[in-house]
>>> print(open('entry.cif').read())   # mmCIF, C-alpha atoms and all ligand atoms
data_target
#
loop_
_atom_site.label_atom_id
_atom_site.label_comp_id
_atom_site.auth_asym_id
_atom_site.auth_seq_id
_atom_site.Cartn_x
_atom_site.Cartn_y
_atom_site.Cartn_z
CA MET A 1058 27.31 -44.81 -12.00
CA LYS A 1059 28.50 -41.33 -10.98
CA ILE A 1060 25.92 -38.66 -10.37
CA ALA A 1061 26.80 -34.99 -9.98
CA ILE A 1062 24.50 -32.91 -7.79
CA ILE A 1063 24.68 -29.16 -8.33
CA SER A 1064 22.38 -26.55 -6.93
CA ASP A 1065 21.57 -22.88 -6.56
CA LEU A 1066 23.75 -21.46 -9.31
CA HIS A 1067 21.80 -18.18 -9.09
CA LEU A 1068 22.88 -17.12 -12.56
CA GLY A 1069 22.67 -13.38 -12.96
CA TYR A 1070 22.80 -12.66 -9.21
CA ALA A 1071 23.29 -8.91 -9.47
CA ARG A 1072 25.78 -8.33 -6.66
CA PHE A 1073 28.27 -10.94 -7.91
CA GLU A 1074 27.06 -11.42 -11.44
CA SER A 1075 30.30 -12.54 -13.08
CA ASP A 1076 31.07 -14.86 -10.14
CA SER A 1077 27.66 -16.47 -10.66
CA TYR A 1078 28.53 -17.30 -14.30
CA ILE A 1079 32.16 -18.28 -13.79
CA GLN A 1080 31.56 -20.53 -10.78
CA ALA A 1081 28.50 -22.22 -12.34
CA GLU A 1082 30.50 -22.88 -15.49
CA ARG A 1083 33.34 -24.43 -13.45
CA ALA A 1084 30.88 -26.69 -11.61
CA VAL A 1085 29.07 -27.84 -14.77
CA ASP A 1086 32.33 -28.32 -16.72
CA ASP A 1087 33.98 -30.29 -13.94
CA ALA A 1088 30.88 -32.37 -13.25
CA SER A 1089 30.43 -33.21 -16.88
CA LYS A 1090 33.97 -34.64 -16.93
CA LYS A 1091 33.54 -36.71 -13.78
CA ALA A 1092 29.87 -37.77 -13.78
CA ASP A 1093 27.52 -39.74 -16.02
CA ILE A 1094 24.59 -37.43 -15.33
CA ILE A 1095 24.13 -34.05 -13.68
CA LEU A 1096 21.24 -33.18 -11.40
CA CYS A 1097 20.46 -29.50 -10.95
CA ALA A 1098 18.30 -28.94 -7.87
CA GLY A 1099 16.77 -25.55 -8.65
CA ASP A 1100 17.59 -21.83 -8.51
CA ILE A 1101 19.63 -22.10 -11.67
CA PHE A 1102 18.56 -18.48 -12.20
CA ASP A 1103 18.45 -15.79 -9.57
CA ILE A 1104 15.19 -14.25 -10.74
CA LYS A 1105 11.98 -15.41 -12.44
CA ILE A 1106 12.50 -13.22 -15.49
CA PRO A 1107 16.24 -13.01 -16.10
CA LYS A 1108 17.97 -10.65 -18.51
CA LEU A 1109 18.54 -11.97 -22.02
CA GLU A 1110 22.29 -11.82 -21.31
CA THR A 1111 21.80 -14.16 -18.35
CA LEU A 1112 19.69 -16.55 -20.42
CA LYS A 1113 22.39 -16.58 -23.10
CA LYS A 1114 25.05 -17.36 -20.49
CA ALA A 1115 22.91 -20.16 -19.08
CA VAL A 1116 22.40 -21.68 -22.53
CA GLU A 1117 26.16 -21.50 -23.17
CA ILE A 1118 27.02 -23.10 -19.84
CA PHE A 1119 24.54 -25.96 -20.17
CA ASN A 1120 25.33 -26.58 -23.83
CA ARG A 1121 28.87 -27.38 -22.72
CA ALA A 1122 27.61 -30.22 -20.54
CA ALA A 1123 28.76 -33.45 -22.15
CA VAL A 1124 26.34 -35.59 -20.12
CA PRO A 1125 22.54 -35.50 -19.58
CA VAL A 1126 21.30 -32.81 -17.21
CA TYR A 1127 18.09 -33.13 -15.18
CA ALA A 1128 16.71 -30.04 -13.49
CA ILE A 1129 13.86 -28.68 -11.42
CA HIS A 1130 12.86 -25.08 -10.80
CA GLY A 1131 13.62 -23.43 -7.47
CA ASN A 1132 11.65 -20.84 -5.52
CA HIS A 1133 13.52 -18.09 -7.37
CA GLU A 1134 12.14 -19.39 -10.65
CA ARG A 1135 8.68 -20.43 -9.57
CA ARG A 1136 5.87 -18.79 -11.53
CA ALA A 1137 2.13 -19.35 -11.86
CA ARG A 1138 1.07 -22.65 -13.39
CA ASP A 1139 0.31 -21.32 -16.89
CA MET A 1140 3.39 -19.11 -17.10
CA VAL A 1141 6.82 -19.97 -18.45
CA ASN A 1142 9.64 -20.16 -15.93
CA PRO A 1143 13.26 -19.60 -16.98
CA VAL A 1144 14.23 -23.25 -16.42
CA GLN A 1145 11.63 -24.22 -19.03
CA LEU A 1146 13.19 -21.71 -21.39
CA LEU A 1147 16.64 -23.10 -20.67
CA SER A 1148 15.30 -26.56 -21.37
CA ALA A 1149 13.93 -25.41 -24.73
CA GLY A 1150 17.34 -24.05 -25.71
CA THR A 1151 19.51 -26.91 -24.43
CA GLY A 1152 19.32 -30.60 -23.65
CA VAL A 1153 18.37 -29.94 -20.01
CA LYS A 1154 15.40 -32.09 -18.97
CA ILE A 1155 12.87 -30.76 -16.49
CA LEU A 1156 11.38 -33.09 -13.94
CA HIS A 1157 8.60 -31.25 -12.18
CA GLY A 1158 6.27 -33.89 -10.80
CA ASP A 1159 7.79 -36.22 -13.31
CA SER A 1160 10.43 -38.93 -13.47
CA ASP A 1161 12.92 -40.16 -16.00
CA VAL A 1162 15.17 -43.16 -16.36
CA PHE A 1163 18.81 -43.15 -17.35
CA GLU A 1164 20.66 -46.31 -18.21
CA LYS A 1165 24.34 -46.94 -18.65
CA GLY A 1166 26.30 -50.18 -18.78
CA GLY A 1167 23.31 -52.16 -17.56
CA GLU A 1168 22.80 -49.89 -14.57
CA ILE A 1169 19.56 -47.92 -14.28
CA VAL A 1170 18.87 -44.81 -12.28
CA GLN A 1171 15.41 -43.32 -11.97
CA ILE A 1172 15.00 -39.70 -10.97
CA LEU A 1173 11.79 -38.18 -9.66
CA GLY A 1174 11.77 -34.41 -9.43
CA MET A 1175 9.52 -31.92 -7.71
CA GLY A 1176 10.23 -28.26 -8.33
CA SER A 1177 9.81 -25.76 -5.53
CA VAL A 1178 6.30 -25.50 -4.04
CA PRO A 1179 5.20 -23.26 -1.14
CA GLU A 1180 6.68 -24.78 2.02
CA GLU A 1181 3.37 -25.40 3.79
CA TYR A 1182 2.18 -27.65 0.94
CA ALA A 1183 5.48 -29.43 0.33
CA GLU A 1184 4.79 -32.73 2.08
CA GLU A 1185 1.25 -32.93 0.62
CA ALA A 1186 2.48 -32.12 -2.87
CA LEU A 1187 5.19 -34.74 -2.61
CA LYS A 1188 2.69 -37.38 -1.42
CA LYS A 1189 0.52 -36.58 -4.49
CA THR A 1190 3.57 -36.73 -6.78
CA MET A 1191 4.50 -40.10 -5.28
CA GLU A 1192 1.04 -41.47 -6.10
CA ARG A 1193 1.68 -40.88 -9.78
CA PHE A 1194 5.24 -42.14 -9.63
CA GLY A 1195 5.79 -45.52 -11.19
CA LYS A 1196 8.85 -46.90 -9.50
CA LYS A 1197 10.97 -48.97 -11.82
CA GLU A 1198 12.06 -52.36 -10.55
CA GLY A 1199 15.77 -52.65 -10.00
CA ALA A 1200 16.53 -49.01 -10.58
CA PHE A 1201 18.57 -46.84 -8.25
CA SER A 1202 15.94 -44.28 -7.29
CA ILE A 1203 16.58 -40.62 -6.66
CA LEU A 1204 14.28 -37.87 -5.45
CA MET A 1205 15.20 -34.27 -6.32
CA LEU A 1206 13.67 -31.36 -4.39
CA HIS A 1207 14.05 -27.66 -3.76
CA GLN A 1208 12.53 -27.09 -0.34
CA SER A 1209 13.36 -25.78 3.07
CA ILE A 1210 13.79 -28.43 5.76
CA ARG A 1211 12.26 -28.13 9.21
CA GLU A 1212 15.24 -29.53 11.10
CA LEU A 1213 17.78 -27.43 9.24
CA VAL A 1214 16.27 -23.96 9.21
CA PRO A 1215 15.89 -22.12 12.52
CA GLY A 1216 12.31 -21.11 13.19
CA ALA A 1217 10.90 -23.44 10.54
CA LYS A 1218 7.55 -25.03 11.40
CA ASP A 1219 5.47 -26.07 8.39
CA GLU A 1220 8.42 -27.14 6.29
CA MET A 1221 9.09 -30.62 5.07
CA SER A 1222 10.92 -32.69 7.66
CA ILE A 1223 13.86 -35.04 7.34
CA GLU A 1224 11.84 -37.48 9.42
CA PHE A 1225 9.20 -37.53 6.65
CA LEU A 1226 11.80 -37.86 3.90
CA GLU A 1227 13.37 -40.82 5.68
CA THR A 1228 10.14 -42.80 5.26
CA LEU A 1229 10.19 -42.44 1.46
CA PRO A 1230 11.33 -45.31 -0.77
CA PHE A 1231 14.37 -43.67 -2.39
CA ASP A 1232 18.01 -44.64 -2.46
CA LEU A 1233 19.07 -41.00 -2.56
CA ILE A 1234 17.36 -37.67 -1.89
CA VAL A 1235 18.94 -34.46 -3.14
CA ASN A 1236 17.79 -30.98 -2.24
CA GLY A 1237 18.54 -27.40 -3.22
CA HIS A 1238 17.36 -24.17 -1.61
CA ILE A 1239 19.64 -24.28 1.42
CA HIS A 1240 22.90 -22.60 0.40
CA GLU A 1241 25.09 -24.57 2.80
CA THR A 1242 26.59 -27.99 2.12
CA ILE A 1243 24.73 -30.52 4.26
CA VAL A 1244 24.74 -34.33 4.53
CA LYS A 1245 22.05 -36.16 6.52
CA LEU A 1246 20.47 -39.62 6.87
CA GLY A 1247 23.85 -41.31 6.76
CA GLY A 1248 24.69 -39.85 3.37
CA LYS A 1249 21.28 -40.57 1.80
CA PHE A 1250 20.18 -36.94 1.93
CA LEU A 1251 22.43 -34.42 0.22
CA ILE A 1252 22.38 -30.64 -0.11
CA PRO A 1253 25.34 -29.36 -2.12
CA GLY A 1254 24.78 -25.65 -1.32
CA SER A 1255 25.06 -22.75 -3.73
CA THR A 1256 27.93 -22.21 -6.16
CA VAL A 1257 28.01 -18.49 -5.48
CA ILE A 1258 27.99 -16.34 -2.33
CA THR A 1259 24.56 -14.80 -1.88
CA GLN A 1260 24.06 -13.99 1.78
CA LEU A 1261 27.45 -12.84 3.08
CA LYS A 1262 26.95 -14.95 6.17
CA LYS A 1263 29.67 -16.55 8.28
CA GLU A 1264 28.65 -20.03 7.06
CA GLU A 1265 29.48 -19.02 3.51
CA MET A 1266 33.20 -19.08 4.26
CA ALA A 1267 32.89 -22.79 3.49
CA LYS A 1268 34.09 -23.96 0.08
CA LYS A 1269 31.71 -23.94 -2.89
CA GLY A 1270 31.23 -27.00 -5.04
CA TYR A 1271 29.02 -29.96 -5.87
CA PHE A 1272 28.48 -33.56 -4.81
CA LEU A 1273 29.67 -36.51 -6.82
CA PHE A 1274 27.68 -39.58 -5.79
CA ASP A 1275 28.84 -43.08 -6.61
CA THR A 1276 25.90 -45.50 -6.83
CA LYS A 1277 28.16 -48.56 -6.43
CA GLU A 1278 29.75 -47.35 -3.22
CA ARG A 1279 26.63 -45.43 -2.21
CA LYS A 1280 28.89 -42.62 -1.15
CA ALA A 1281 29.15 -38.95 -1.98
CA GLN A 1282 32.24 -36.88 -2.32
CA PHE A 1283 32.16 -33.08 -2.19
CA VAL A 1284 34.05 -31.65 -5.14
CA GLU A 1285 35.33 -28.14 -4.56
CA ILE A 1286 35.27 -25.63 -7.35
CA GLU A 1287 37.55 -22.64 -7.48
CA SER A 1288 35.52 -19.76 -6.12
CA ARG A 1289 36.22 -16.27 -4.97
CA PRO A 1290 37.58 -16.34 -1.40
CA PHE A 1291 35.20 -14.97 1.19
CA PHE A 1292 36.05 -13.71 4.66
CA TYR A 1293 33.64 -12.96 7.43
CA GLU A 1294 34.85 -10.90 10.37
CA GLU A 1295 33.28 -9.57 13.52
CA MET A 1296 34.65 -6.48 15.24
CA LYS A 1297 33.64 -5.32 18.68
CA PHE A 1298 34.06 -1.69 19.76
CA ASP A 1299 33.83 0.10 23.07
CA LYS A 1300 33.18 3.86 23.09
CA ALA A 1301 34.81 4.14 19.69
CA THR A 1302 35.20 7.19 17.49
CA ASP A 1303 34.62 7.39 13.76
CA SER A 1304 38.33 7.01 13.04
CA ASP A 1305 38.76 4.12 15.53
CA VAL A 1306 36.23 2.14 13.55
CA ARG A 1307 37.49 3.10 10.14
CA GLU A 1308 41.15 2.50 10.94
CA ARG A 1309 40.53 -0.95 12.35
CA ILE A 1310 38.50 -1.89 9.26
CA ARG A 1311 41.11 -0.47 6.91
CA GLY A 1312 43.89 -2.35 8.70
CA ARG A 1313 42.11 -5.70 8.62
CA VAL A 1314 40.96 -5.31 5.02
CA GLY A 1315 44.56 -4.50 4.03
CA GLU A 1316 45.86 -7.62 5.80
CA ILE A 1317 43.35 -9.94 4.15
CA ARG A 1318 43.76 -8.36 0.74
CA LYS A 1319 47.53 -8.85 0.84
CA ALA A 1320 47.04 -12.61 0.53
CA HIS A 1321 43.73 -12.54 -1.38
CA PRO A 1322 43.59 -9.44 -3.58
CA ASP A 1323 40.17 -10.06 -5.12
CA CYS A 1324 38.36 -11.63 -2.18
CA LEU A 1325 34.99 -10.64 -0.77
CA ILE A 1326 34.90 -9.45 2.81
CA ALA A 1327 31.95 -9.09 5.14
CA ILE A 1328 32.48 -7.31 8.43
CA LYS A 1329 30.02 -6.98 11.25
CA VAL A 1330 30.86 -4.04 13.48
CA ASP A 1331 29.25 -4.10 16.86
CA GLY A 1332 29.54 -2.35 20.21
CA THR A 1333 29.30 1.18 21.51
CA LEU A 1334 30.44 4.56 20.24
CA LYS A 1335 31.78 7.60 22.01
CA GLU A 1336 29.03 9.67 23.56
CA GLY A 1337 27.20 11.83 21.08
CA LEU A 1338 27.93 9.60 18.10
CA ALA A 1339 25.24 7.52 16.48
CA GLY A 1340 25.85 4.43 14.38
CA THR A 1341 24.70 6.30 11.32
CA ASP A 1342 27.43 8.93 11.86
CA ILE A 1343 30.15 6.43 11.03
CA ARG A 1344 31.20 6.53 7.39
CA LEU A 1345 31.77 2.97 6.27
CA ASP A 1346 31.61 3.28 2.51
CA GLY A 1347 34.38 3.53 -0.05
CA TYR A 1348 35.67 -0.05 0.07
CA GLU A 1349 35.32 -2.27 -2.93
CA ASN A 1350 33.84 -5.71 -2.23
CA VAL A 1351 33.76 -5.08 1.50
CA PHE A 1352 30.29 -5.38 2.98
CA ILE A 1353 29.83 -3.85 6.38
CA GLU A 1354 26.97 -4.58 8.69
CA ASN A 1355 26.81 -1.66 11.07
CA ARG A 1356 25.44 -2.70 14.45
CA LEU A 1357 27.19 0.06 16.37
CA ASP A 1358 25.21 1.95 18.93
CA VAL A 1359 22.58 -0.76 19.14
CA GLU A 1360 22.67 -0.67 22.92
CA SER A 1361 21.69 2.94 23.06
CA LEU A 1362 19.00 2.31 20.48
CA THR A 1363 17.66 -0.46 22.70
CA SER A 1364 17.71 1.82 25.71
CA ARG A 1365 15.96 4.52 23.71
CA LEU A 1366 13.22 2.06 22.78
CA GLU A 1367 13.06 1.05 26.42
CA LYS A 1368 12.52 4.70 27.37
CA ILE A 1369 9.66 5.03 24.91
CA ARG A 1370 8.14 1.86 26.24
CA SER A 1371 8.36 2.94 29.88
CA GLY A 1372 6.98 6.33 28.90
CA ARG A 1373 4.06 4.62 27.27
CA GLU A 1374 3.42 2.66 30.40
CA ALA A 1375 3.32 5.93 32.30
CA SER A 1376 0.83 6.95 29.58
CA LEU A 1377 2.74 9.99 28.41
CA SER A 1378 1.73 11.49 25.09
CA VAL A 1379 4.22 11.50 22.21
CA ARG A 1380 4.65 15.22 22.82
CA ASP A 1381 5.43 14.69 26.50
CA LEU A 1382 7.84 11.93 25.61
CA ALA A 1383 9.65 14.22 23.18
CA LEU A 1384 9.79 17.03 25.73
CA ARG A 1385 11.18 14.71 28.37
CA GLU A 1386 13.81 13.51 25.91
CA LEU A 1387 14.70 17.09 24.99
CA ARG A 1388 14.99 18.13 28.64
CA GLU A 1389 17.29 15.18 29.35
CA LYS A 1390 19.42 15.80 26.28
CA THR A 1391 19.96 19.49 27.02
CA ALA A 1392 20.35 19.13 30.78
CA GLY A 1393 23.51 20.91 31.89
CA LYS A 1394 24.44 21.84 28.33
CA ILE A 1395 22.28 24.93 27.97
CA THR A 1396 22.12 27.19 31.02
CA LEU A 1397 20.41 30.20 29.49
CA PHE A 1398 17.02 28.50 29.15
CA ASP A 1399 15.30 25.18 29.47
CA GLY A 1400 15.30 23.29 26.16
CA ALA A 1401 11.83 21.87 26.57
CA GLU A 1402 10.43 25.24 27.63
CA LEU A 1403 11.93 26.94 24.60
CA PHE A 1404 10.38 24.30 22.38
CA GLU A 1405 6.97 24.96 23.91
CA LYS A 1406 7.38 28.69 23.29
CA LEU A 1407 8.45 28.07 19.67
CA VAL A 1408 5.24 26.16 19.16
CA GLU A 1409 3.23 29.05 20.64
CA GLY A 1410 4.76 31.63 18.30
CA ALA A 1411 7.68 33.94 17.54
CA ASP A 1412 6.61 36.73 19.93
CA GLU A 1413 6.21 34.33 22.83
CA THR A 1414 9.64 32.88 22.09
CA LEU A 1415 11.34 36.26 22.01
CA GLU A 1416 9.63 37.28 25.22
CA TYR A 1417 10.79 34.06 26.85
CA LEU A 1418 14.38 34.50 25.71
CA GLU A 1419 14.49 38.14 26.80
CA LYS A 1420 13.20 37.25 30.23
CA HIS A 1421 15.86 34.56 30.60
CA ASN A 1422 18.59 36.76 29.21
CA LYS A 1423 17.88 39.34 31.90
CA LYS A 1424 17.88 36.65 34.57
CA GLU A 1425 21.23 35.40 33.33
CA SER A 1426 22.91 38.83 33.23
CA LYS A 1427 21.87 39.66 36.74
MN MN T 1 18.66 -20.47 -3.73
#
>>> encode(input="entry.cif", output="structure tokens")
Amino acid sequence: MKIAIISDLHLGYARFESDSYIQAERAVDDASKKADIILCAGDIFDIKIPKLETLKKAVEIFNRAAVPVYAIHGNHERRARDMVNPVQLLSAGTGVKILHGDSDVFEKGGEIVQILGMGSVPEEYAEEALKKTMERFGKKEGAFSILMLHQSIRELVPGAKDEMSIEFLETLPFDLIVNGHIHETIVKLGGKFLIPGSTVITQLKKEEMAKKGYFLFDTKERKAQFVEIESRPFFYEEMKFDKATDSDVRERIRGRVGEIRKAHPDCLIAIKVDGTLKEGLAGTDIRLDGYENVFIENRLDVESLTSRLEKIRSGREASLSVRDLALRELREKTAGKITLFDGAELFEKLVEGADETLEYLEKHNKKESK
């Protein structure tokens, strides 16, 4: 039997809304031609309460599926126990079957597969919830058993602690475990644990340059094949600058965007700009807007921001007040630039009052003209 595993369609994802529909439709259409059943591992919708237009699109896409579809809800669709989530609504309007804490059996040509699903639960309860679900699960003799989840995985997500672990999953009595949530394509446990990744770009991260698609698992061969779907090309670039000006940055971006666009006119581009700017320029001074489908992460000037924070910290250690810190900063900034008066002194006089300020300036003016 052939089983298609699709995940994280994120229908209605606002930034790339039409991509979310088109690419999900391609995955479901293609899978329904090649597979006997389709498993949808959560985050079919991008938000808990989608627009009616998104729901309509979802119904249209899943009504085209020529084979049974089994789904669970993801964290993007998870709602309180007595509330309706959008996957339930989709299920009511199509043939999609929901398997939250529940299993179902599908039989074809004498071969039986049994699928147990558990929709997204808070990560810290995931292993417990799955153990409870397993207690209720009546495993069918002779069936090829599949577990479908939508959870984060300790070994795969940096900084994860309380998440479900692959080590734990390995101990479970399933022939295949499929998972959503993680938007990258991942294969573990010698091909027994599969994460197809999302069908649409959502994070604009370097890893998302990888092709989008779904898994097609063959129960006879016990092997999965990743089936690519046509998706909008995505490029991730990093640019490093050293004492750059506004136009240095903008020209380099324009040049590179032009190059990429020549071969891929409608692609998405993410650029991380990093490094230092010419003295006096702050990262926020650089105008980086005005490009369509180019997403720029501006990390310019971070060094000086770090050193500024360092200054505040060392000032705090010397137990200077915020006012003293500001005055010290002002004195340093104006040093050598203003000769007529001392910047910090003038500030103090301004705080005292207009008369005091004028008196101060007059005094210094006389000194200067001498
Ligand atoms: Mn997701």
>>> residues_near_ligand(input="entry.cif", ligand="ligand MN 1 (chain T)", cutoff="7 Å", atoms="all atoms listed in the file", output="count of residues only")
10
>>> residues_around(input="entry.cif", residues="region 1316-1319 of chain A", least_positions_apart="6", cutoff="12 Å", atoms="all atoms listed in the file", output="list in words")
Pro1290, Phe1291, Phe1292, Tyr1293, Glu1294, Arg1309, Ile1310, Leu1325, Ile1326, Ala1327, Ile1328, Tyr1348, Glu1349, Asn1350 and Val1351 of chain A
>>> residues_around(input="entry.cif", residues="Ala1301 (chain A)", least_positions_apart="2", cutoff="8 Å", atoms="only C-alpha atoms", output="ChimeraX atom specification")
/A:1298-1299,1303,1305-1306,1333-1335
>>> write_last_selection(input="entry.cif", atoms="C-alpha atoms", output="mmCIF file, keeping the file's coordinate frame")
data_model
loop_
_atom_site.group_PDB
_atom_site.id
_atom_site.type_symbol
_atom_site.label_atom_id
_atom_site.label_comp_id
_atom_site.auth_asym_id
_atom_site.auth_seq_id
_atom_site.Cartn_x
_atom_site.Cartn_y
_atom_site.Cartn_z
ATOM 1 C CA PHE A 1298 34.060 -1.690 19.760
ATOM 2 C CA ASP A 1299 33.830 0.100 23.070
ATOM 3 C CA ASP A 1303 34.620 7.390 13.760
ATOM 4 C CA ASP A 1305 38.760 4.120 15.530
ATOM 5 C CA VAL A 1306 36.230 2.140 13.550
ATOM 6 C CA THR A 1333 29.300 1.180 21.510
ATOM 7 C CA LEU A 1334 30.440 4.560 20.240
ATOM 8 C CA LYS A 1335 31.780 7.600 22.010
#
>>> atom_distance(input="entry.cif", atom1="CA of Glu1308 (chain A)", atom2="CA of Leu1345 (chain A)")
10.5 Å
>>> residues_around(input="entry.cif", residues="region 1271-1282 of chain A", least_positions_apart="4", cutoff="9 Å", atoms="all atoms listed in the file", output="MDAnalysis selection string")
chainID A and resid 1058:1064 1084 1088 1091:1092 1170 1201 1232:1233 1242 1248:1249 1251:1256 1286
>>> residues_around(input="entry.cif", residues="region 1108-1119 of chain A", least_positions_apart="5", cutoff="7 Å", atoms="all atoms listed in the file", output="number ranges by chain")
A: 1068-1069, 1082, 1147, 1150-1151
>>> write_last_selection(input="entry.cif", atoms="C-alpha atoms", output="JSON list (two decimals), in the coordinates of the input")
[["chain", "number", "residue", "atom", "x", "y", "z"],
["A", 1068, "LEU", "CA", 22.88, -17.12, -12.56],
["A", 1069, "GLY", "CA", 22.67, -13.38, -12.96],
["A", 1082, "GLU", "CA", 30.50, -22.88, -15.49],
["A", 1147, "LEU", "CA", 16.64, -23.10, -20.67],
["A", 1150, "GLY", "CA", 17.34, -24.05, -25.71],
["A", 1151, "THR", "CA", 19.51, -26.91, -24.43]]
>>> residues_around(input="entry.cif", residues="Leu1415 (chain A)", least_positions_apart="5", cutoff="10 Å", atoms="all atoms listed in the file", output="list in words")
Leu1403, Lys1406, Leu1407, Gly1410, Lys1420 and His1421 of chain A
>>> write_last_selection(input="entry.cif", atoms="C-alpha atoms", output="mmCIF file, in the frame of the given file")
data_model
loop_
_atom_site.group_PDB
_atom_site.id
_atom_site.type_symbol
_atom_site.label_atom_id
_atom_site.label_comp_id
_atom_site.auth_asym_id
_atom_site.auth_seq_id
_atom_site.Cartn_x
_atom_site.Cartn_y
_atom_site.Cartn_z
ATOM 1 C CA LEU A 1403 11.930 26.940 24.600
ATOM 2 C CA LYS A 1406 7.380 28.690 23.290
ATOM 3 C CA LEU A 1407 8.450 28.070 19.670
ATOM 4 C CA GLY A 1410 4.760 31.630 18.300
ATOM 5 C CA LYS A 1420 13.200 37.250 30.230
ATOM 6 C CA HIS A 1421 15.860 34.560 30.600
#
>>> closest_residue(input="entry.cif", among="A:Lys1090, A:Arg1344, A:Arg1083, A:Arg1135", to="Ile1106 (chain A)", atoms="all atoms listed in the file")
A:Arg1135
>>> atom_distance(input="entry.cif", atom1="CA of Leu1213 (chain A)", atom2="CA of Ile1172 (chain A)")
23.8 Å
>>> atom_distance(input="entry.cif", atom1="CA of Ile1234 (chain A)", atom2="CA of Gly1166 (chain A)")
22.8 Å
>>> closest_residue(input="entry.cif", among="A:Ser1378, A:Thr1414, A:Asn1142, A:Ser1089", to="Gly1400 (chain A)", atoms="all atoms listed in the file")
A:Thr1414
>>> closest_residue(input="entry.cif", among="A:Ala1123, A:Thr1302, A:Met1140, A:Ile1104", to="Val1085 (chain A)", atoms="all atoms listed in the file")
A:Ala1123
>>> closest_residue(input="entry.cif", among="A:Arg1313, A:Arg1380, A:Arg1370, A:Lys1390", to="Gly1337 (chain A)", atoms="only C-alpha atoms")
A:Lys1390
>>> closest_residue(input="entry.cif", among="A:Leu1246, A:Val1408, A:Leu1382, A:Ala1098", to="Glu1224 (chain A)", atoms="only C-alpha atoms")
A:Leu1246
>>> decode(input="entry.cif", residues="region 1199-1212 of chain A", atoms="C-alpha atoms", output="PDB file, in the first residue's frame")
ATOM      1  CA  GLY A1199      -1.605  -8.145  11.396  1.00  0.00           C
ATOM      2  CA  ALA A1200      -2.120  -4.508  10.544  1.00  0.00           C
ATOM      3  CA  PHE A1201       0.639  -2.148   9.465  1.00  0.00           C
ATOM      4  CA  SER A1202       0.478   0.358  12.307  1.00  0.00           C
ATOM      5  CA  ILE A1203       1.061   4.073  11.978  1.00  0.00           C
ATOM      6  CA  LEU A1204       1.240   6.795  14.603  1.00  0.00           C
ATOM      7  CA  MET A1205       0.518  10.372  13.493  1.00  0.00           C
ATOM      8  CA  LEU A1206       1.626  13.319  15.641  1.00  0.00           C
ATOM      9  CA  HIS A1207       2.114  17.059  15.567  1.00  0.00           C
ATOM     10  CA  GLN A1208       4.769  17.749  18.177  1.00  0.00           C
ATOM     11  CA  SER A1209       8.165  19.273  18.593  1.00  0.00           C
ATOM     12  CA  ILE A1210      10.994  16.776  19.074  1.00  0.00           C
ATOM     13  CA  ARG A1211      13.687  17.199  21.706  1.00  0.00           C
ATOM     14  CA  GLU A1212      16.567  16.011  19.544  1.00  0.00           C
TER      15      GLU A1212
END
